[in-house]
$ cat entry14.pdb   # PDB, C-alpha atoms, pLDDT in the B column
ATOM      1  CA  MET A  11      72.764  39.771  73.520  1.00 81.00           C
ATOM      2  CA  LYS A  12      71.361  36.900  75.574  1.00 87.00           C
ATOM      3  CA  ASN A  13      70.267  34.510  72.816  1.00 93.00           C
ATOM      4  CA  THR A  14      71.843  33.201  69.623  1.00 94.00           C
ATOM      5  CA  ARG A  15      70.340  31.175  66.823  1.00 93.00           C
ATOM      6  CA  GLU A  16      72.057  29.826  63.712  1.00 90.00           C
ATOM      7  CA  VAL A  17      70.170  29.399  60.457  1.00 86.00           C
ATOM      8  CA  ASN A  18      71.875  28.135  57.294  1.00 80.00           C
ATOM      9  CA  ASN A  19      75.233  29.600  58.399  1.00 81.00           C
ATOM     10  CA  ILE A  20      73.651  32.887  59.507  1.00 88.00           C
ATOM     11  CA  ILE A  21      74.003  33.861  63.166  1.00 93.00           C
ATOM     12  CA  ILE A  22      71.049  35.712  64.709  1.00 95.00           C
ATOM     13  CA  ASN A  23      71.577  37.447  68.063  1.00 96.00           C
ATOM     14  CA  TYR A  24      68.584  38.696  70.023  1.00 95.00           C
ATOM     15  CA  ASN A  25      67.311  39.445  73.520  1.00 89.00           C
ATOM     16  CA  ASP A  26      63.575  39.419  74.180  1.00 85.00           C
ATOM     17  CA  PHE A  27      61.726  38.463  71.007  1.00 91.00           C
ATOM     18  CA  ASP A  28      58.461  36.637  70.370  1.00 91.00           C
ATOM     19  CA  LYS A  29      59.553  33.046  69.666  1.00 90.00           C
ATOM     20  CA  LYS A  30      56.604  32.195  67.409  1.00 93.00           C
ATOM     21  CA  LYS A  31      57.218  35.313  65.353  1.00 95.00           C
ATOM     22  CA  LEU A  32      60.946  34.576  65.156  1.00 95.00           C
ATOM     23  CA  ASN A  33      60.241  31.013  64.015  1.00 95.00           C
ATOM     24  CA  LYS A  34      58.073  32.321  61.165  1.00 95.00           C
ATOM     25  CA  ILE A  35      60.743  34.838  60.159  1.00 95.00           C
ATOM     26  CA  VAL A  36      63.482  32.227  60.276  1.00 94.00           C
ATOM     27  CA  LYS A  37      61.476  29.747  58.180  1.00 94.00           C
ATOM     28  CA  GLN A  38      60.961  32.236  55.339  1.00 92.00           C
ATOM     29  CA  PHE A  39      64.472  33.613  55.621  1.00 92.00           C
ATOM     30  CA  ASP A  40      65.951  30.124  55.421  1.00 90.00           C
ATOM     31  CA  GLU A  41      64.071  29.401  52.189  1.00 89.00           C
ATOM     32  CA  LYS A  42      65.133  32.693  50.612  1.00 87.00           C
ATOM     33  CA  TRP A  43      68.751  32.406  51.712  1.00 88.00           C
ATOM     34  CA  LYS A  44      69.158  29.037  50.005  1.00 84.00           C
ATOM     35  CA  GLU A  45      68.766  30.854  46.672  1.00 81.00           C
ATOM     36  CA  VAL A  46      71.514  33.286  47.643  1.00 84.00           C
ATOM     37  CA  ALA A  47      73.807  30.501  48.858  1.00 82.00           C
ATOM     38  CA  LEU A  48      73.444  28.706  45.521  1.00 81.00           C
ATOM     39  CA  TYR A  49      74.394  31.862  43.666  1.00 82.00           C
ATOM     40  CA  PHE A  50      77.555  32.450  45.687  1.00 81.00           C
ATOM     41  CA  LYS A  51      78.452  28.764  46.113  1.00 74.00           C
ATOM     42  CA  ASN A  52      82.168  28.086  45.592  1.00 60.00           C
ATOM     43  CA  GLU A  53      82.593  31.628  44.282  1.00 60.00           C
ATOM     44  CA  VAL A  54      83.435  33.604  47.386  1.00 57.00           C
ATOM     45  CA  ASP A  55      84.787  32.678  50.790  1.00 61.00           C
ATOM     46  CA  TYR A  56      82.927  34.561  53.483  1.00 67.00           C
ATOM     47  CA  LYS A  57      82.455  34.207  57.217  1.00 73.00           C
ATOM     48  CA  LYS A  58      79.014  33.629  58.654  1.00 81.00           C
ATOM     49  CA  PRO A  59      76.843  36.758  58.473  1.00 87.00           C
ATOM     50  CA  VAL A  60      75.747  38.057  61.879  1.00 93.00           C
ATOM     51  CA  ILE A  61      72.337  39.686  62.409  1.00 95.00           C
ATOM     52  CA  ASN A  62      71.627  41.577  65.638  1.00 96.00           C
ATOM     53  CA  LEU A  63      67.865  41.648  66.058  1.00 96.00           C
ATOM     54  CA  PHE A  64      65.963  44.254  68.086  1.00 96.00           C
ATOM     55  CA  ASN A  65      62.283  44.775  68.861  1.00 93.00           C
ATOM     56  CA  SER A  66      62.799  48.132  70.547  1.00 93.00           C
ATOM     57  CA  ARG A  67      63.990  51.360  68.987  1.00 94.00           C
ATOM     58  CA  ALA A  68      66.085  52.199  72.053  1.00 94.00           C
ATOM     59  CA  GLY A  69      68.222  49.070  71.730  1.00 94.00           C
ATOM     60  CA  TYR A  70      68.674  49.562  67.998  1.00 95.00           C
ATOM     61  CA  VAL A  71      69.681  53.216  68.401  1.00 95.00           C
ATOM     62  CA  GLU A  72      72.146  52.371  71.158  1.00 94.00           C
ATOM     63  CA  SER A  73      73.876  49.766  68.973  1.00 94.00           C
ATOM     64  CA  THR A  74      73.862  51.711  65.690  1.00 94.00           C
ATOM     65  CA  THR A  75      73.970  55.325  66.988  1.00 92.00           C
ATOM     66  CA  PHE A  76      71.271  56.115  64.411  1.00 91.00           C
ATOM     67  CA  SER A  77      69.193  58.382  66.637  1.00 89.00           C
ATOM     68  CA  TYR A  78      67.067  59.650  63.729  1.00 88.00           C
ATOM     69  CA  VAL A  79      65.318  56.318  63.028  1.00 90.00           C
ATOM     70  CA  LYS A  80      61.626  55.927  63.711  1.00 90.00           C
ATOM     71  CA  ASN A  81      60.094  52.949  65.482  1.00 92.00           C
ATOM     72  CA  GLU A  82      59.561  51.026  62.254  1.00 92.00           C
ATOM     73  CA  LEU A  83      61.101  48.130  60.351  1.00 93.00           C
ATOM     74  CA  THR A  84      64.616  49.106  59.340  1.00 93.00           C
ATOM     75  CA  GLY A  85      68.109  47.703  59.092  1.00 94.00           C
ATOM     76  CA  VAL A  86      71.719  48.513  58.349  1.00 94.00           C
ATOM     77  CA  TYR A  87      74.921  46.636  57.658  1.00 94.00           C
ATOM     78  CA  LYS A  88      77.855  48.121  59.579  1.00 93.00           C
ATOM     79  CA  LYS A  89      80.960  47.385  57.556  1.00 88.00           C
ATOM     80  CA  ALA A  90      83.315  48.375  60.377  1.00 87.00           C
ATOM     81  CA  LYS A  91      81.791  45.710  62.621  1.00 89.00           C
ATOM     82  CA  GLY A  92      80.996  43.212  59.886  1.00 88.00           C
ATOM     83  CA  GLU A  93      77.504  42.780  61.315  1.00 94.00           C
ATOM     84  CA  ALA A  94      73.910  43.675  60.451  1.00 95.00           C
ATOM     85  CA  PHE A  95      71.454  45.402  62.794  1.00 97.00           C
ATOM     86  CA  ILE A  96      67.716  45.022  62.253  1.00 97.00           C
ATOM     87  CA  LEU A  97      64.830  46.663  64.109  1.00 96.00           C
ATOM     88  CA  VAL A  98      61.543  44.745  64.030  1.00 96.00           C
ATOM     89  CA  PRO A  99      59.026  46.650  66.168  1.00 94.00           C
ATOM     90  CA  THR A 100      56.554  44.570  68.163  1.00 91.00           C
ATOM     91  CA  GLY A 101      53.670  45.712  65.959  1.00 91.00           C
ATOM     92  CA  GLU A 102      55.348  44.718  62.668  1.00 92.00           C
ATOM     93  CA  LYS A 103      53.561  41.599  61.377  1.00 92.00           C
ATOM     94  CA  ASP A 104      54.650  41.386  57.721  1.00 92.00           C
ATOM     95  CA  ILE A 105      56.856  38.281  57.876  1.00 94.00           C
ATOM     96  CA  GLU A 106      57.646  38.421  54.153  1.00 91.00           C
ATOM     97  CA  LYS A 107      58.912  41.974  54.457  1.00 91.00           C
ATOM     98  CA  ILE A 108      60.973  41.153  57.536  1.00 94.00           C
ATOM     99  CA  SER A 109      62.584  38.070  55.965  1.00 93.00           C
ATOM    100  CA  ASN A 110      63.434  40.100  52.851  1.00 92.00           C
ATOM    101  CA  LEU A 111      65.246  42.610  55.052  1.00 94.00           C
ATOM    102  CA  PHE A 112      67.205  39.754  56.663  1.00 94.00           C
ATOM    103  CA  VAL A 113      68.309  38.656  53.197  1.00 92.00           C
ATOM    104  CA  HIS A 114      69.151  42.209  52.145  1.00 92.00           C
ATOM    105  CA  GLU A 115      71.496  42.921  55.043  1.00 93.00           C
ATOM    106  CA  SER A 116      73.084  39.452  54.855  1.00 92.00           C
ATOM    107  CA  VAL A 117      73.925  39.935  51.170  1.00 91.00           C
ATOM    108  CA  HIS A 118      75.688  43.177  52.111  1.00 91.00           C
ATOM    109  CA  HIS A 119      77.859  41.043  54.393  1.00 90.00           C
ATOM    110  CA  VAL A 120      78.724  38.582  51.625  1.00 88.00           C
ATOM    111  CA  ILE A 121      79.531  41.379  49.168  1.00 86.00           C
ATOM    112  CA  ASP A 122      81.680  43.079  51.813  1.00 84.00           C
ATOM    113  CA  LYS A 123      83.670  39.889  52.447  1.00 81.00           C
ATOM    114  CA  ILE A 124      84.622  39.595  48.800  1.00 78.00           C
ATOM    115  CA  GLY A 125      87.172  42.184  49.809  1.00 63.00           C
ATOM    116  CA  LYS A 126      87.009  44.704  46.989  1.00 70.00           C
ATOM    117  CA  ASP A 127      85.844  48.307  46.892  1.00 76.00           C
ATOM    118  CA  ILE A 128      82.537  47.484  45.227  1.00 79.00           C
ATOM    119  CA  PRO A 129      80.616  50.533  43.922  1.00 78.00           C
ATOM    120  CA  GLU A 130      77.321  51.498  45.538  1.00 78.00           C
ATOM    121  CA  TRP A 131      75.140  50.597  42.556  1.00 78.00           C
ATOM    122  CA  LEU A 132      76.468  47.020  42.571  1.00 82.00           C
ATOM    123  CA  ASN A 133      76.529  46.551  46.355  1.00 85.00           C
ATOM    124  CA  GLU A 134      73.049  47.935  46.968  1.00 84.00           C
ATOM    125  CA  GLY A 135      71.721  46.518  43.727  1.00 84.00           C
ATOM    126  CA  MET A 136      72.821  42.970  44.539  1.00 87.00           C
ATOM    127  CA  SER A 137      71.269  43.194  48.019  1.00 89.00           C
ATOM    128  CA  LEU A 138      67.979  44.374  46.548  1.00 85.00           C
ATOM    129  CA  TYR A 139      68.136  41.844  43.718  1.00 84.00           C
ATOM    130  CA  PHE A 140      68.127  38.960  46.179  1.00 86.00           C
ATOM    131  CA  SER A 141      65.908  40.450  48.870  1.00 85.00           C
ATOM    132  CA  LYS A 142      63.196  41.063  46.269  1.00 72.00           C
ATOM    133  CA  THR A 143      63.486  37.349  45.421  1.00 44.00           C
ATOM    134  CA  PHE A 144      64.281  37.950  41.746  1.00 41.00           C
ATOM    135  CA  GLU A 145      61.171  40.062  41.241  1.00 48.00           C
ATOM    136  CA  ASP A 146      60.512  41.218  37.674  1.00 44.00           C
ATOM    137  CA  LEU A 147      61.081  44.959  37.690  1.00 42.00           C
ATOM    138  CA  GLY A 148      58.823  45.351  34.677  1.00 44.00           C
ATOM    139  CA  SER A 149      55.887  45.324  37.071  1.00 45.00           C
ATOM    140  CA  PHE A 150      57.187  48.287  39.071  1.00 48.00           C
ATOM    141  CA  ASN A 151      55.224  51.509  39.138  1.00 54.00           C
ATOM    142  CA  GLN A 152      55.983  53.767  36.145  1.00 55.00           C
ATOM    143  CA  LEU A 153      55.652  56.965  38.159  1.00 58.00           C
ATOM    144  CA  GLU A 154      58.060  55.680  40.817  1.00 56.00           C
ATOM    145  CA  LEU A 155      60.643  54.935  38.147  1.00 59.00           C
ATOM    146  CA  GLU A 156      60.366  58.384  36.574  1.00 59.00           C
ATOM    147  CA  GLN A 157      60.547  60.077  39.963  1.00 57.00           C
ATOM    148  CA  SER A 158      63.629  58.033  40.832  1.00 56.00           C
ATOM    149  CA  ILE A 159      65.391  58.917  37.596  1.00 56.00           C
ATOM    150  CA  ASP A 160      64.403  62.565  38.017  1.00 57.00           C
ATOM    151  CA  PHE A 161      66.159  62.521  41.385  1.00 51.00           C
ATOM    152  CA  LEU A 162      69.216  60.990  39.766  1.00 50.00           C
ATOM    153  CA  ARG A 163      69.487  63.993  37.422  1.00 49.00           C
ATOM    154  CA  ARG A 164      70.105  66.158  40.475  1.00 50.00           C
ATOM    155  CA  ASP A 165      72.048  65.922  43.706  1.00 48.00           C
ATOM    156  CA  LEU A 166      70.174  63.472  45.880  1.00 43.00           C
ATOM    157  CA  PRO A 167      69.279  64.873  49.303  1.00 45.00           C
ATOM    158  CA  ASP A 168      69.673  62.647  52.330  1.00 45.00           C
ATOM    159  CA  THR A 169      65.968  61.974  52.636  1.00 45.00           C
ATOM    160  CA  THR A 170      63.819  58.876  52.639  1.00 46.00           C
ATOM    161  CA  PHE A 171      62.810  59.400  49.022  1.00 44.00           C
ATOM    162  CA  GLY A 172      66.366  60.213  48.014  1.00 46.00           C
ATOM    163  CA  MET A 173      67.430  56.861  49.448  1.00 51.00           C
ATOM    164  CA  PHE A 174      64.497  55.139  47.726  1.00 52.00           C
ATOM    165  CA  ALA A 175      65.450  56.644  44.366  1.00 54.00           C
ATOM    166  CA  ARG A 176      69.006  55.380  44.590  1.00 64.00           C
ATOM    167  CA  CYS A 177      68.000  51.912  45.794  1.00 67.00           C
ATOM    168  CA  TYR A 178      65.300  51.514  43.173  1.00 67.00           C
ATOM    169  CA  TYR A 179      67.735  52.496  40.435  1.00 70.00           C
ATOM    170  CA  HIS A 180      70.494  50.173  41.682  1.00 77.00           C
ATOM    171  CA  HIS A 181      68.029  47.266  41.818  1.00 77.00           C
ATOM    172  CA  LEU A 182      66.945  47.975  38.263  1.00 77.00           C
ATOM    173  CA  SER A 183      70.531  48.059  36.967  1.00 81.00           C
ATOM    174  CA  VAL A 184      71.583  44.760  38.579  1.00 84.00           C
ATOM    175  CA  ASP A 185      68.412  43.062  37.370  1.00 83.00           C
ATOM    176  CA  TYR A 186      69.131  44.229  33.812  1.00 84.00           C
ATOM    177  CA  PHE A 187      72.757  43.067  33.749  1.00 86.00           C
ATOM    178  CA  HIS A 188      71.832  39.659  35.178  1.00 86.00           C
ATOM    179  CA  LYS A 189      69.260  39.132  32.450  1.00 87.00           C
ATOM    180  CA  LYS A 190      71.496  40.528  29.699  1.00 89.00           C
ATOM    181  CA  TYR A 191      74.830  38.882  30.555  1.00 89.00           C
ATOM    182  CA  GLY A 192      74.047  36.130  33.073  1.00 87.00           C
ATOM    183  CA  SER A 193      74.961  35.480  36.697  1.00 84.00           C
ATOM    184  CA  HIS A 194      78.362  33.953  35.870  1.00 83.00           C
ATOM    185  CA  LYS A 195      79.643  37.164  34.281  1.00 84.00           C
ATOM    186  CA  MET A 196      78.133  39.241  37.070  1.00 84.00           C
ATOM    187  CA  MET A 197      80.044  37.190  39.643  1.00 81.00           C
ATOM    188  CA  LYS A 198      83.281  37.571  37.697  1.00 81.00           C
ATOM    189  CA  TYR A 199      82.609  41.296  37.476  1.00 81.00           C
ATOM    190  CA  ILE A 200      82.285  41.467  41.263  1.00 79.00           C
ATOM    191  CA  LYS A 201      85.446  39.455  41.880  1.00 76.00           C
ATOM    192  CA  GLU A 202      87.800  40.649  39.180  1.00 71.00           C
ATOM    193  CA  ASP A 203      88.159  44.396  39.656  1.00 66.00           C
ATOM    194  CA  PHE A 204      85.249  45.305  37.402  1.00 66.00           C
ATOM    195  CA  ASN A 205      87.064  44.635  34.118  1.00 74.00           C
ATOM    196  CA  THR A 206      84.236  45.565  31.761  1.00 82.00           C
ATOM    197  CA  GLU A 207      86.256  45.411  28.548  1.00 85.00           C
ATOM    198  CA  GLU A 208      87.258  41.788  29.105  1.00 83.00           C
ATOM    199  CA  LEU A 209      83.912  40.553  30.419  1.00 83.00           C
ATOM    200  CA  PHE A 210      81.385  42.467  28.353  1.00 86.00           C
ATOM    201  CA  GLY A 211      83.443  43.698  25.422  1.00 89.00           C
ATOM    202  CA  LYS A 212      82.454  47.250  26.324  1.00 87.00           C
ATOM    203  CA  SER A 213      83.844  50.132  28.334  1.00 85.00           C
ATOM    204  CA  GLN A 214      82.134  51.372  31.501  1.00 79.00           C
ATOM    205  CA  ASP A 215      80.848  54.389  29.578  1.00 81.00           C
ATOM    206  CA  GLU A 216      79.386  52.118  26.904  1.00 86.00           C
ATOM    207  CA  LEU A 217      77.651  50.032  29.593  1.00 83.00           C
ATOM    208  CA  ASN A 218      76.227  53.230  31.071  1.00 78.00           C
ATOM    209  CA  GLU A 219      74.832  54.183  27.675  1.00 80.00           C
ATOM    210  CA  GLU A 220      73.448  50.692  27.119  1.00 83.00           C
ATOM    211  CA  PHE A 221      71.598  50.720  30.433  1.00 79.00           C
ATOM    212  CA  ALA A 222      70.260  54.234  29.855  1.00 74.00           C
ATOM    213  CA  GLU A 223      68.901  53.141  26.486  1.00 78.00           C
ATOM    214  CA  HIS A 224      67.286  50.108  28.111  1.00 78.00           C
ATOM    215  CA  VAL A 225      65.529  52.268  30.709  1.00 72.00           C
ATOM    216  CA  ILE A 226      64.278  54.732  28.095  1.00 70.00           C
ATOM    217  CA  LYS A 227      62.940  52.040  25.754  1.00 74.00           C
ATOM    218  CA  SER A 228      61.552  49.630  28.341  1.00 69.00           C
ATOM    219  CA  PHE A 229      59.870  52.121  30.620  1.00 62.00           C
ATOM    220  CA  GLU A 230      59.088  54.929  28.170  1.00 62.00           C
ATOM    221  CA  VAL A 231      60.869  57.486  30.316  1.00 53.00           C
ATOM    222  CA  LYS A 232      59.832  61.039  29.478  1.00 51.00           C
ATOM    223  CA  ASN A 233      62.330  63.802  28.616  1.00 47.00           C
ATOM    224  CA  ASN A 234      64.898  61.182  27.673  1.00 46.00           C
ATOM    225  CA  ALA A 235      67.026  63.791  25.886  1.00 42.00           C
ATOM    226  CA  GLU A 236      68.062  65.086  29.310  1.00 45.00           C
ATOM    227  CA  LEU A 237      68.657  61.652  30.786  1.00 45.00           C
ATOM    228  CA  GLU A 238      72.208  60.809  31.779  1.00 49.00           C
ATOM    229  CA  ILE A 239      72.505  57.542  33.674  1.00 49.00           C
ATOM    230  CA  LYS A 240      75.734  56.505  35.335  1.00 52.00           C
ATOM    231  CA  LEU A 241      76.462  53.434  37.406  1.00 53.00           C
ATOM    232  CA  THR A 242      78.214  54.936  40.420  1.00 51.00           C
TER     233      THR A 242
END

$ encode --input "entry14.pdb" --output "structure tokens"
Amino acid sequence: MKNTREVNNIIINYNDFDKKKLNKIVKQFDEKWKEVALYFKNEVDYKKPVINLFNSRAGYVESTTFSYVKNELTGVYKKAKGEAFILVPTGEKDIEKISNLFVHESVHHVIDKIGKDIPEWLNEGMSLYFSKTFEDLGSFNQLELEQSIDFLRRDLPDTTFGMFARCYYHHLSVDYFHKKYGSHKMMKYIKEDFNTEELFGKSQDELNEEFAEHVIKSFEVKNNAELEIKLT
């Protein structure tokens, strides 16, 4: 790519992109990323995240090989390359949404550089936790939650809603464990091979049961007798 910009230790590569729009994105992203940097400060050693920014679907598809994507705001972190790829179509004007996506994919980079085989619920959940800027999940739509959990009772198809269900659930779980046990224990959990007995005084199965009970009580999930929640 022709141009490079560095923001708070994040490298942004781009070709033709509206400079005023990019400045607005960068300003919001910079503010959000400071919160993430404070969380991970002195805890993990990671190289600078790299974001490859596109405003055309063709360029994004060529770099990611994701030919199925539509011409809409989307992104992916490619672990093999250690870089994020983000498509921001020319017509996309929601700066808040764009900057949140920048944070999301950059957190994937940080989690990846910790160097452990982190499970999906924790990897995706942490990325959503920060990109939603610590949003209180209690305000989320009740129907969306029940639909998500209903999907989790079955094999999730590779569809947009299937992806949404998983992501929503992972976000909810990370938010709960942060509030219940604190960020310090969550960071140790990420770094120290997920030793639940030592950190939380409970087995992984017991944590699964605890979280399931939280979801049922807090969100009044229907048909809870059939509900089996696992952090996978």

$ resolve_selection --input "entry14.pdb" --expression "the PyMOL selection byres ((chain A and resi 69) around 12)" --output "PDB file with C-alpha atoms, keeping the file's coordinate frame"
ATOM      1  CA  MET A  11      72.764  39.771  73.520  1.00 81.00           C
ATOM      2  CA  TYR A  24      68.584  38.696  70.023  1.00 95.00           C
ATOM      3  CA  ASN A  25      67.311  39.445  73.520  1.00 89.00           C
ATOM      4  CA  ASP A  26      63.575  39.419  74.180  1.00 85.00           C
ATOM      5  CA  ASN A  62      71.627  41.577  65.638  1.00 96.00           C
ATOM      6  CA  LEU A  63      67.865  41.648  66.058  1.00 96.00           C
ATOM      7  CA  PHE A  64      65.963  44.254  68.086  1.00 96.00           C
ATOM      8  CA  ASN A  65      62.283  44.775  68.861  1.00 93.00           C
ATOM      9  CA  SER A  66      62.799  48.132  70.547  1.00 93.00           C
ATOM     10  CA  ARG A  67      63.990  51.360  68.987  1.00 94.00           C
ATOM     11  CA  ALA A  68      66.085  52.199  72.053  1.00 94.00           C
ATOM     12  CA  TYR A  70      68.674  49.562  67.998  1.00 95.00           C
ATOM     13  CA  VAL A  71      69.681  53.216  68.401  1.00 95.00           C
ATOM     14  CA  GLU A  72      72.146  52.371  71.158  1.00 94.00           C
ATOM     15  CA  SER A  73      73.876  49.766  68.973  1.00 94.00           C
ATOM     16  CA  THR A  74      73.862  51.711  65.690  1.00 94.00           C
ATOM     17  CA  THR A  75      73.970  55.325  66.988  1.00 92.00           C
ATOM     18  CA  PHE A  76      71.271  56.115  64.411  1.00 91.00           C
ATOM     19  CA  SER A  77      69.193  58.382  66.637  1.00 89.00           C
ATOM     20  CA  VAL A  79      65.318  56.318  63.028  1.00 90.00           C
ATOM     21  CA  ASN A  81      60.094  52.949  65.482  1.00 92.00           C
ATOM     22  CA  PHE A  95      71.454  45.402  62.794  1.00 97.00           C
ATOM     23  CA  ILE A  96      67.716  45.022  62.253  1.00 97.00           C
ATOM     24  CA  LEU A  97      64.830  46.663  64.109  1.00 96.00           C
ATOM     25  CA  VAL A  98      61.543  44.745  64.030  1.00 96.00           C
ATOM     26  CA  PRO A  99      59.026  46.650  66.168  1.00 94.00           C
TER      27      PRO A  99
END

$ atom_distance --input "entry14.pdb" --atom1 "CA of Asn18 in chain A" --atom2 "CA of Trp131 in chain A"
27.1 Å

$ closest_residue --input "entry14.pdb" --among "A:Lys44, A:His181, A:Lys12, A:Lys91" --to "Val113 in chain A" --atoms "all atoms listed in the file"
A:Lys44

$ residues_around --input "entry14.pdb" --residues "Ser116 in chain A" --least-positions-apart "6" --cutoff "12 Å" --atoms "only C-alpha atoms" --output "PyMOL selection string"
chain A and resi 17-22+39-40+42-43+46-47+56-62+85-89+92-96+109-110+122-123+133-134+136-138+140-141

$ resolve_selection --input "entry14.pdb" --expression "the PyMOL selection byres ((chain A and resi 103) around 12)" --output "PyMOL selection string"
chain A and resi 28+30-32+34-35+65+82-83+98-102+104-109

$ decode --input "entry14.pdb" --residues "range 40-84 of chain A" --atoms "C-alpha atoms" --output "PDB file, in the first residue's frame"
ATOM      1  CA  ASP A  40      -6.903   6.719  19.346  1.00  0.00           C
ATOM      2  CA  GLU A  41      -9.166   7.585  22.284  1.00  0.00           C
ATOM      3  CA  LYS A  42     -10.620   4.077  22.443  1.00  0.00           C
ATOM      4  CA  TRP A  43      -7.269   2.339  22.083  1.00  0.00           C
ATOM      5  CA  LYS A  44      -5.836   4.153  25.098  1.00  0.00           C
ATOM      6  CA  GLU A  45      -8.296   2.187  27.253  1.00  0.00           C
ATOM      7  CA  VAL A  46      -7.070  -1.068  25.732  1.00  0.00           C
ATOM      8  CA  ALA A  47      -3.412  -0.101  26.145  1.00  0.00           C
ATOM      9  CA  LEU A  48      -3.984   0.599  29.844  1.00  0.00           C
ATOM     10  CA  TYR A  49      -5.557  -2.811  30.293  1.00  0.00           C
ATOM     11  CA  PHE A  50      -2.675  -4.680  28.674  1.00  0.00           C
ATOM     12  CA  LYS A  51       0.079  -2.384  29.983  1.00  0.00           C
ATOM     13  CA  ASN A  52       3.117  -4.308  31.252  1.00  0.00           C
ATOM     14  CA  GLU A  53       1.138  -7.541  30.978  1.00  0.00           C
ATOM     15  CA  VAL A  54       1.903  -8.731  27.479  1.00  0.00           C
ATOM     16  CA  ASP A  55       4.672  -8.001  25.014  1.00  0.00           C
ATOM     17  CA  TYR A  56       3.242  -7.559  21.547  1.00  0.00           C
ATOM     18  CA  LYS A  57       4.424  -6.043  18.292  1.00  0.00           C
ATOM     19  CA  LYS A  58       2.583  -3.119  16.775  1.00  0.00           C
ATOM     20  CA  PRO A  59      -0.781  -4.151  15.307  1.00  0.00           C
ATOM     21  CA  VAL A  60      -1.057  -3.564  11.556  1.00  0.00           C
ATOM     22  CA  ILE A  61      -4.345  -2.533   9.917  1.00  0.00           C
ATOM     23  CA  ASN A  62      -4.693  -2.669   6.127  1.00  0.00           C
ATOM     24  CA  LEU A  63      -7.489  -0.291   5.200  1.00  0.00           C
ATOM     25  CA  PHE A  64      -9.567  -0.532   2.015  1.00  0.00           C
ATOM     26  CA  ASN A  65     -12.403   1.552   0.590  1.00  0.00           C
ATOM     27  CA  SER A  66     -13.122  -0.828  -2.272  1.00  0.00           C
ATOM     28  CA  ARG A  67     -14.438  -4.365  -2.083  1.00  0.00           C
ATOM     29  CA  ALA A  68     -12.128  -5.493  -4.893  1.00  0.00           C
ATOM     30  CA  GLY A  69      -8.975  -4.569  -2.978  1.00  0.00           C
ATOM     31  CA  TYR A  70     -10.242  -6.175   0.214  1.00  0.00           C
ATOM     32  CA  VAL A  71     -11.203  -9.409  -1.559  1.00  0.00           C
ATOM     33  CA  GLU A  72      -7.851  -9.592  -3.325  1.00  0.00           C
ATOM     34  CA  SER A  73      -5.964  -9.287  -0.024  1.00  0.00           C
ATOM     35  CA  THR A  74      -8.179 -11.569   2.085  1.00  0.00           C
ATOM     36  CA  THR A  75      -9.488 -13.988  -0.597  1.00  0.00           C
ATOM     37  CA  PHE A  76     -12.927 -13.573   0.999  1.00  0.00           C
ATOM     38  CA  SER A  77     -14.894 -13.402  -2.243  1.00  0.00           C
ATOM     39  CA  TYR A  78     -18.258 -13.780  -0.476  1.00  0.00           C
ATOM     40  CA  VAL A  79     -18.147 -10.403   1.325  1.00  0.00           C
ATOM     41  CA  LYS A  80     -20.555  -7.658   0.369  1.00  0.00           C
ATOM     42  CA  ASN A  81     -19.556  -4.042  -0.164  1.00  0.00           C
ATOM     43  CA  GLU A  82     -20.154  -3.115   3.468  1.00  0.00           C
ATOM     44  CA  LEU A  83     -18.160  -2.402   6.614  1.00  0.00           C
ATOM     45  CA  THR A  84     -16.312  -5.559   7.590  1.00  0.00           C
TER      46      THR A  84
END
